[in-house]
Amino acid sequence: MNVVYFIFQQTMFFAIPLLIVALGGMFSERSGVVNIALEGIMTMGAFTSILFLNLSGNGMQGQGQLLLAIVIAMVTGSLFSLFHAYAAINMKADQTISGTALNMFAPAFAIFVARIVQGVQQIQFANTFRIDAVPVLGSIPVIGDLFFKNTYITTYIGIAILITATVVLYKTKFGLRLRACGEHPHAADAAGINVYHMQYAGVVISGALAGLGGLVFVVPTSTNFNATVSGYGFLALAVLIFGQWKPVKIMWASLFFGLTKAIAASYSGIPFLSSLGIPSYLFKMIPYLATLIVLIFTSRHSMAPRASGVPYDKGER
Amino acid sequence: MKKKLLSVLLSAAMAVTVLAGCGSKAEVAPAEEAAVTEEAPAEEAVAEEATESEASAEGYELALVTDLGTIDDKSFNQGAWEGLEKYAKDNGVSYKYYQPQEGTTDSYVETIGLAVEGGAKLVVCPGFLFEEPIFIVQDQYPEVTFILLDGAPHNADYSEFKTGENVMSIMFAEDQPGYLAGYAAVKDGMTKLGFMGGMAVPAVIRYGYGFVQGADAAAAELGVDVEVMYNYTGAFEATPEAQSMAASWYQNGTEVIFGCGGAVGNSVMAAAEEASAKVIGVDVDQSPESDTVITSAMKLLSNSVYDGVKAFYDGSFPGGETTTFTAANNGVGLPMETSKFETFAQADYDALYAKLAAGEITINTATEDSTTADITLTNTTVSFVE
């Protein structure tokens, strides 16, 4: 049973950042703007918030500090994503190119500033945020072991974001308008919706969530930040497509990716799995193979927002 | 529409040039600033004055050109810089470091040229990335002396190796600190060990092979059986995969993991903090990075650079040779003063170190097969994880 709990807890470390970032990407794409800059935004969010953790490390620790860092990561992410929004919406630039520009800029900027501020590019932080066991809830059998032990507050924030995102997208006026802009912006415009505003909102939300995802990604897995999020922004894009741009499906997709990644990384320490004699490459391939297979079956009736990636031009017929 | 596009492109181009201009300026300035602050810690006022006065007359005699890291990277550059700084302060020689703009051979050569123009008589270049630049500059500046760490000069396509009379190349026997660490861990009562290397490059393999054989030797002495989990993550980066693998090993009973590959160690430390387990650091004393670090398999970079610089001023500079630092010349070791061993004492360490130094212990360092399958072990089982 311990092994099951262990794998589940590890899965969460992989799945939660993917979930948060993919949900961010969803908001952007559902508004009609492809956001390939998720990787760069994650890097920036992680950079400023980890720098904050580093600088405030002497006087602060624990969950309060982490919550402040979360706010900083989200603000950074939204500000940074404004570049993409401006280029893609106002300037009608190719969205892939402006996204790629941000992806190239972010790590360089993080290294450059980190060196100016502290002389070294790696930013150290003290991880005082791990929750051994949540009081009361942690002592519930099975569920307590699965959800409330060896965890981070960010796991619950991720779940809260999932619920909020589902509600906002499907149950609010804002969500309806956002989706309309992604499917048929001219129709939305004709109905009196300001498409530019909605697209800005979509991109900024994606920026805030991607920035947060960067922080959530780094905190449990290292003791410093070295200007990289190891391609998890791109993986989140795969999760987004795998999840067919729908929040609940995205959750399943990120859990699936998280599980396969956790097993691929930790099978050597699990006697049952290592005795099976399956080559490690197979474990590592599973998420990508599965993505390919799912894409083959779903691409014919893909649920991609129809206007995603097309700059909205009012005068176009 | 076309006009608009053009204007966007033009303004983007302008913005880029402006930014680029700022960028390069800003990059130079902080490096110089850093150099100045680095040379002027309050306590060394005297040495610093000497530096200043000599500097004005004939430039900086001792120079260090950094590779990709900075002089406080907690690794190679820092170790080398500390050695150079120590000698310079002890003897009142002027010194300075130079940081290349980018990690290319051209940029390194250019920066070395800058150092020479700045009056350098001896240039220290830490890291194997300098193999090619040194190959070029050893002929270009025959009157200047170079110390190359962790490499041997060669040309771009490895067809020609040449260590000039003005070059000293320093290598390390990484297997020995690995051996010390493995031996100490088992002697300290641990029987389930782990090794997580970065890429399977010779230096990392030597560390790992030494570690396994050291553990085996101690196991044979104590008559216990030791298990070692062994893996190369394939990168020198902190990733969730590395963290997860380390966490699963700890979960499965592994007591200590030797995190041997740059930032991989940080992932191991993160996992160890979670599991309240132990880590062995690498290259330099990594105990300040995490409380979980019980000891570090060190290359004593600063000692080797100090000795090299000293030899230069004594006139006994071993030019054209490759010097390998081992226990015999005090070039490797464990930081016993910061180590957190329970039973493995300084005396045990000294005894083992003396044996290594005397050459009584032979360590298999064949780096062709990196899977440890080619080592003969008596009491140790290695589970190699692909």
# chains A, B, ... in the order shown; residues from 1 in each chain; ligands from 1
>>> closest_atom_pairs(of="chain B", to="chain A", cutoff="7 Å", atoms="only C-alpha atoms", output="JSON lines")
{"residue": "B:Pro30", "atom": "CA", "partner": "A:Ile116", "partner_atom": "CA", "distance": 6.6}
{"residue": "B:Thr70", "atom": "CA", "partner": "A:Val120", "partner_atom": "CA", "distance": 6.3}
{"residue": "B:Asp72", "atom": "CA", "partner": "A:Val120", "partner_atom": "CA", "distance": 6.4}
{"residue": "B:Asp73", "atom": "CA", "partner": "A:Val120", "partner_atom": "CA", "distance": 6.0}
{"residue": "B:Ala238", "atom": "CA", "partner": "A:Ser222", "partner_atom": "CA", "distance": 6.1}
{"residue": "B:Thr239", "atom": "CA", "partner": "A:Thr221", "partner_atom": "CA", "distance": 6.6}
{"residue": "B:Pro240", "atom": "CA", "partner": "A:Thr221", "partner_atom": "CA", "distance": 5.1}
{"residue": "B:Glu241", "atom": "CA", "partner": "A:Ala265", "partner_atom": "CA", "distance": 5.0}
{"residue": "B:Ala242", "atom": "CA", "partner": "A:Ala265", "partner_atom": "CA", "distance": 7.0}
{"residue": "B:Gln243", "atom": "CA", "partner": "A:Thr221", "partner_atom": "CA", "distance": 5.6}
{"residue": "B:Ser244", "atom": "CA", "partner": "A:Ser266", "partner_atom": "CA", "distance": 5.7}
{"residue": "B:Met245", "atom": "CA", "partner": "A:Ser266", "partner_atom": "CA", "distance": 4.3}
{"residue": "B:Ser248", "atom": "CA", "partner": "A:Gly269", "partner_atom": "CA", "distance": 4.7}
{"residue": "B:Trp249", "atom": "CA", "partner": "A:Gly269", "partner_atom": "CA", "distance": 4.5}
{"residue": "B:Asn252", "atom": "CA", "partner": "A:Gly269", "partner_atom": "CA", "distance": 5.5}
{"residue": "B:Asn266", "atom": "CA", "partner": "A:Ser222", "partner_atom": "CA", "distance": 5.3}
{"residue": "B:Ser267", "atom": "CA", "partner": "A:Ser222", "partner_atom": "CA", "distance": 4.6}
{"residue": "B:Met269", "atom": "CA", "partner": "A:Thr223", "partner_atom": "CA", "distance": 7.0}
{"residue": "B:Ala270", "atom": "CA", "partner": "A:Ser222", "partner_atom": "CA", "distance": 5.1}
{"residue": "B:Val385", "atom": "CA", "partner": "A:Ser268", "partner_atom": "CA", "distance": 6.5}
{"residue": "B:Glu386", "atom": "CA", "partner": "A:Ser280", "partner_atom": "CA", "distance": 6.3}
>>> residues_around(residues="stretch 234-237 of chain B", least_positions_apart="3", cutoff="8 Å", atoms="only C-alpha atoms", output="short mmCIF file (atom, residue, chain, number, x, y, z; two decimals) with C-alpha atoms, in the first residue's frame")
data_model
loop_
_atom_site.label_atom_id
_atom_site.label_comp_id
_atom_site.auth_asym_id
_atom_site.auth_seq_id
_atom_site.Cartn_x
_atom_site.Cartn_y
_atom_site.Cartn_z
CA GLY B 197 25.46 10.72 -12.02
CA GLY B 198 24.80 13.35 -14.65
CA MET B 199 25.99 12.34 -18.07
CA ALA B 200 28.25 9.32 -18.37
CA GLY B 261 26.38 15.74 -11.68
CA GLY B 262 25.93 19.45 -11.15
CA ALA B 263 22.31 20.34 -10.47
CA VAL B 264 21.28 16.67 -10.31
#
>>> closest_residue(among="A:Val4, A:Val294, A:Leu259, A:Met26", to="A:Gly202", atoms="only C-alpha atoms")
A:Met26
>>> select_by_dssp(residues="stretch 80-134 of chain A", states="strand (DSSP E or B)", output="count of residues only")
5
>>> residues_around(residues="B:Asp350", least_positions_apart="6", cutoff="12 Å", atoms="only C-alpha atoms", output="PyMOL selection string")
chain B and resi 180+184+327+330+333-336+344+356-357
>>> select_by_dssp(residues="stretch 106-159 of chain A", states="helix (DSSP H, G or I)", output="list in words")
Ala106, Pro107, Ala108, Phe109, Ala110, Ile111, Phe112, Val113, Ala114, Arg115, Ile116, Val117, Gln118, Leu137, Gly138, Ser139, Ile143, Gly144, Asp145, Leu146, Phe147, Ile153, Thr154, Thr155, Tyr156, Ile157, Gly158 and Ile159 of chain A
>>> atom_distance(atom1="atom CA of B:Lys340", atom2="atom CA of B:Thr295")
6.6 Å
>>> atom_distance(atom1="atom CA of B:Lys299", atom2="atom CA of B:Ser316")
22.9 Å
>>> residues_around(residues="B:Phe325", least_positions_apart="3", cutoff="7 Å", atoms="only C-alpha atoms", output="PyMOL selection string")
chain B and resi 171-173+329+331-332
>>> residues_around(residues="A:Gly231", least_positions_apart="5", cutoff="10 Å", atoms="only C-alpha atoms", output="list of chain:residue names")
A:Leu38, A:Glu39, A:Gly40, A:Met42, A:Thr43, A:Ala236
>>> write_last_selection(atoms="C-alpha atoms", output="short mmCIF file (atom, residue, chain, number, x, y, z; two decimals), in the first residue's frame")
data_model
loop_
_atom_site.label_atom_id
_atom_site.label_comp_id
_atom_site.auth_asym_id
_atom_site.auth_seq_id
_atom_site.Cartn_x
_atom_site.Cartn_y
_atom_site.Cartn_z
CA LEU A 38 3.83 28.89 -21.86
CA GLU A 39 7.35 27.59 -21.36
CA GLY A 40 8.83 31.09 -21.28
CA MET A 42 6.67 29.51 -16.61
CA THR A 43 10.36 30.36 -16.53
CA ALA A 236 1.50 21.26 -20.97
#
>>> atom_distance(atom1="atom CA of B:Glu337", atom2="atom CA of B:Gly281")
14.4 Å
>>> decode(residues="stretch 289-301 of chain A", atoms="all heavy atoms", output="CSV table (one decimal), in the first residue's frame")
chain,number,residue,atom,x,y,z
A,289,LEU,N,3.7,8.2,-26.7
A,289,LEU,CA,3.0,7.2,-27.6
A,289,LEU,C,1.5,7.4,-27.4
A,289,LEU,O,0.8,7.4,-28.4
A,289,LEU,CB,3.4,5.8,-27.2
A,289,LEU,CG,4.7,5.2,-27.7
A,289,LEU,CD1,4.9,3.8,-27.2
A,289,LEU,CD2,4.7,5.3,-29.2
A,290,ALA,N,1.1,7.5,-26.2
A,290,ALA,CA,-0.4,7.6,-25.9
A,290,ALA,C,-0.9,8.9,-26.6
A,290,ALA,O,-2.0,8.9,-27.2
A,290,ALA,CB,-0.6,7.7,-24.4
A,291,THR,N,-0.1,10.0,-26.5
A,291,THR,CA,-0.5,11.3,-27.1
A,291,THR,C,-0.7,11.0,-28.6
A,291,THR,O,-1.8,11.4,-29.2
A,291,THR,CB,0.5,12.4,-26.9
A,291,THR,OG1,0.8,12.4,-25.6
A,291,THR,CG2,-0.1,13.7,-27.4
A,292,LEU,N,0.2,10.4,-29.3
A,292,LEU,CA,0.2,10.1,-30.7
A,292,LEU,C,-1.1,9.3,-31.0
A,292,LEU,O,-1.8,9.7,-32.0
A,292,LEU,CB,1.4,9.4,-31.2
A,292,LEU,CG,2.6,10.2,-31.5
A,292,LEU,CD1,3.8,9.3,-31.9
A,292,LEU,CD2,2.3,11.2,-32.6
A,293,ILE,N,-1.3,8.3,-30.3
A,293,ILE,CA,-2.5,7.4,-30.6
A,293,ILE,C,-3.8,8.2,-30.4
A,293,ILE,O,-4.6,8.1,-31.3
A,293,ILE,CB,-2.4,6.2,-29.7
A,293,ILE,CG1,-1.2,5.3,-30.0
A,293,ILE,CG2,-3.7,5.4,-29.8
A,293,ILE,CD1,-0.9,4.2,-29.0
A,294,VAL,N,-3.9,8.9,-29.3
A,294,VAL,CA,-5.1,9.7,-29.1
A,294,VAL,C,-5.3,10.7,-30.2
A,294,VAL,O,-6.4,10.9,-30.7
A,294,VAL,CB,-5.1,10.4,-27.7
A,294,VAL,CG1,-6.2,11.4,-27.6
A,294,VAL,CG2,-5.1,9.4,-26.6
A,295,LEU,N,-4.2,11.4,-30.6
A,295,LEU,CA,-4.4,12.4,-31.7
A,295,LEU,C,-4.8,11.7,-33.0
A,295,LEU,O,-5.6,12.3,-33.7
A,295,LEU,CB,-3.0,13.1,-31.9
A,295,LEU,CG,-2.6,14.1,-30.9
A,295,LEU,CD1,-1.3,14.7,-31.2
A,295,LEU,CD2,-3.7,15.1,-30.7
A,296,ILE,N,-4.3,10.5,-33.3
A,296,ILE,CA,-4.7,9.8,-34.5
A,296,ILE,C,-6.3,9.6,-34.5
A,296,ILE,O,-6.9,9.8,-35.5
A,296,ILE,CB,-4.0,8.5,-34.6
A,296,ILE,CG1,-2.5,8.7,-34.9
A,296,ILE,CG2,-4.7,7.6,-35.7
A,296,ILE,CD1,-1.7,7.4,-34.8
A,297,PHE,N,-6.8,9.2,-33.3
A,297,PHE,CA,-8.2,8.9,-33.2
A,297,PHE,C,-9.1,10.2,-33.1
A,297,PHE,O,-10.2,10.1,-33.5
A,297,PHE,CB,-8.5,8.0,-32.1
A,297,PHE,CG,-8.1,6.6,-32.4
A,297,PHE,CD1,-7.0,6.0,-31.7
A,297,PHE,CD2,-8.7,5.8,-33.4
A,297,PHE,CE1,-6.6,4.7,-32.1
A,297,PHE,CE2,-8.3,4.6,-33.7
A,297,PHE,CZ,-7.2,4.0,-33.0
A,298,THR,N,-8.5,11.3,-32.6
A,298,THR,CA,-9.4,12.4,-32.3
A,298,THR,C,-9.3,13.5,-33.4
A,298,THR,O,-10.1,14.4,-33.4
A,298,THR,CB,-9.2,13.0,-30.9
A,298,THR,OG1,-7.8,13.3,-30.9
A,298,THR,CG2,-9.5,12.0,-29.9
A,299,SER,N,-8.2,13.4,-34.2
A,299,SER,CA,-7.9,14.6,-35.0
A,299,SER,C,-9.0,14.9,-36.0
A,299,SER,O,-9.2,16.0,-36.4
A,299,SER,CB,-6.6,14.5,-35.7
A,299,SER,OG,-6.6,13.3,-36.5
A,300,ARG,N,-9.8,13.9,-36.4
A,300,ARG,CA,-10.8,14.1,-37.4
A,300,ARG,C,-11.9,15.0,-36.9
A,300,ARG,O,-12.3,15.9,-37.5
A,300,ARG,CB,-11.4,12.8,-37.9
A,300,ARG,CG,-12.1,13.0,-39.2
A,300,ARG,CD,-12.7,11.7,-39.8
A,300,ARG,NE,-11.7,10.7,-40.0
A,300,ARG,CZ,-12.1,9.4,-40.2
A,300,ARG,NH1,-13.3,9.0,-40.1
A,300,ARG,NH2,-11.2,8.5,-40.5
A,301,HIS,N,-12.3,14.8,-35.7
A,301,HIS,CA,-13.2,15.7,-35.1
A,301,HIS,C,-12.6,16.4,-33.9
A,301,HIS,O,-13.0,16.2,-32.7
A,301,HIS,CB,-14.6,15.1,-34.7
A,301,HIS,CG,-14.5,13.6,-34.4
A,301,HIS,ND1,-15.5,12.8,-34.2
A,301,HIS,CD2,-13.4,12.8,-34.2
A,301,HIS,CE1,-15.1,11.6,-34.0
A,301,HIS,NE2,-13.8,11.6,-34.0
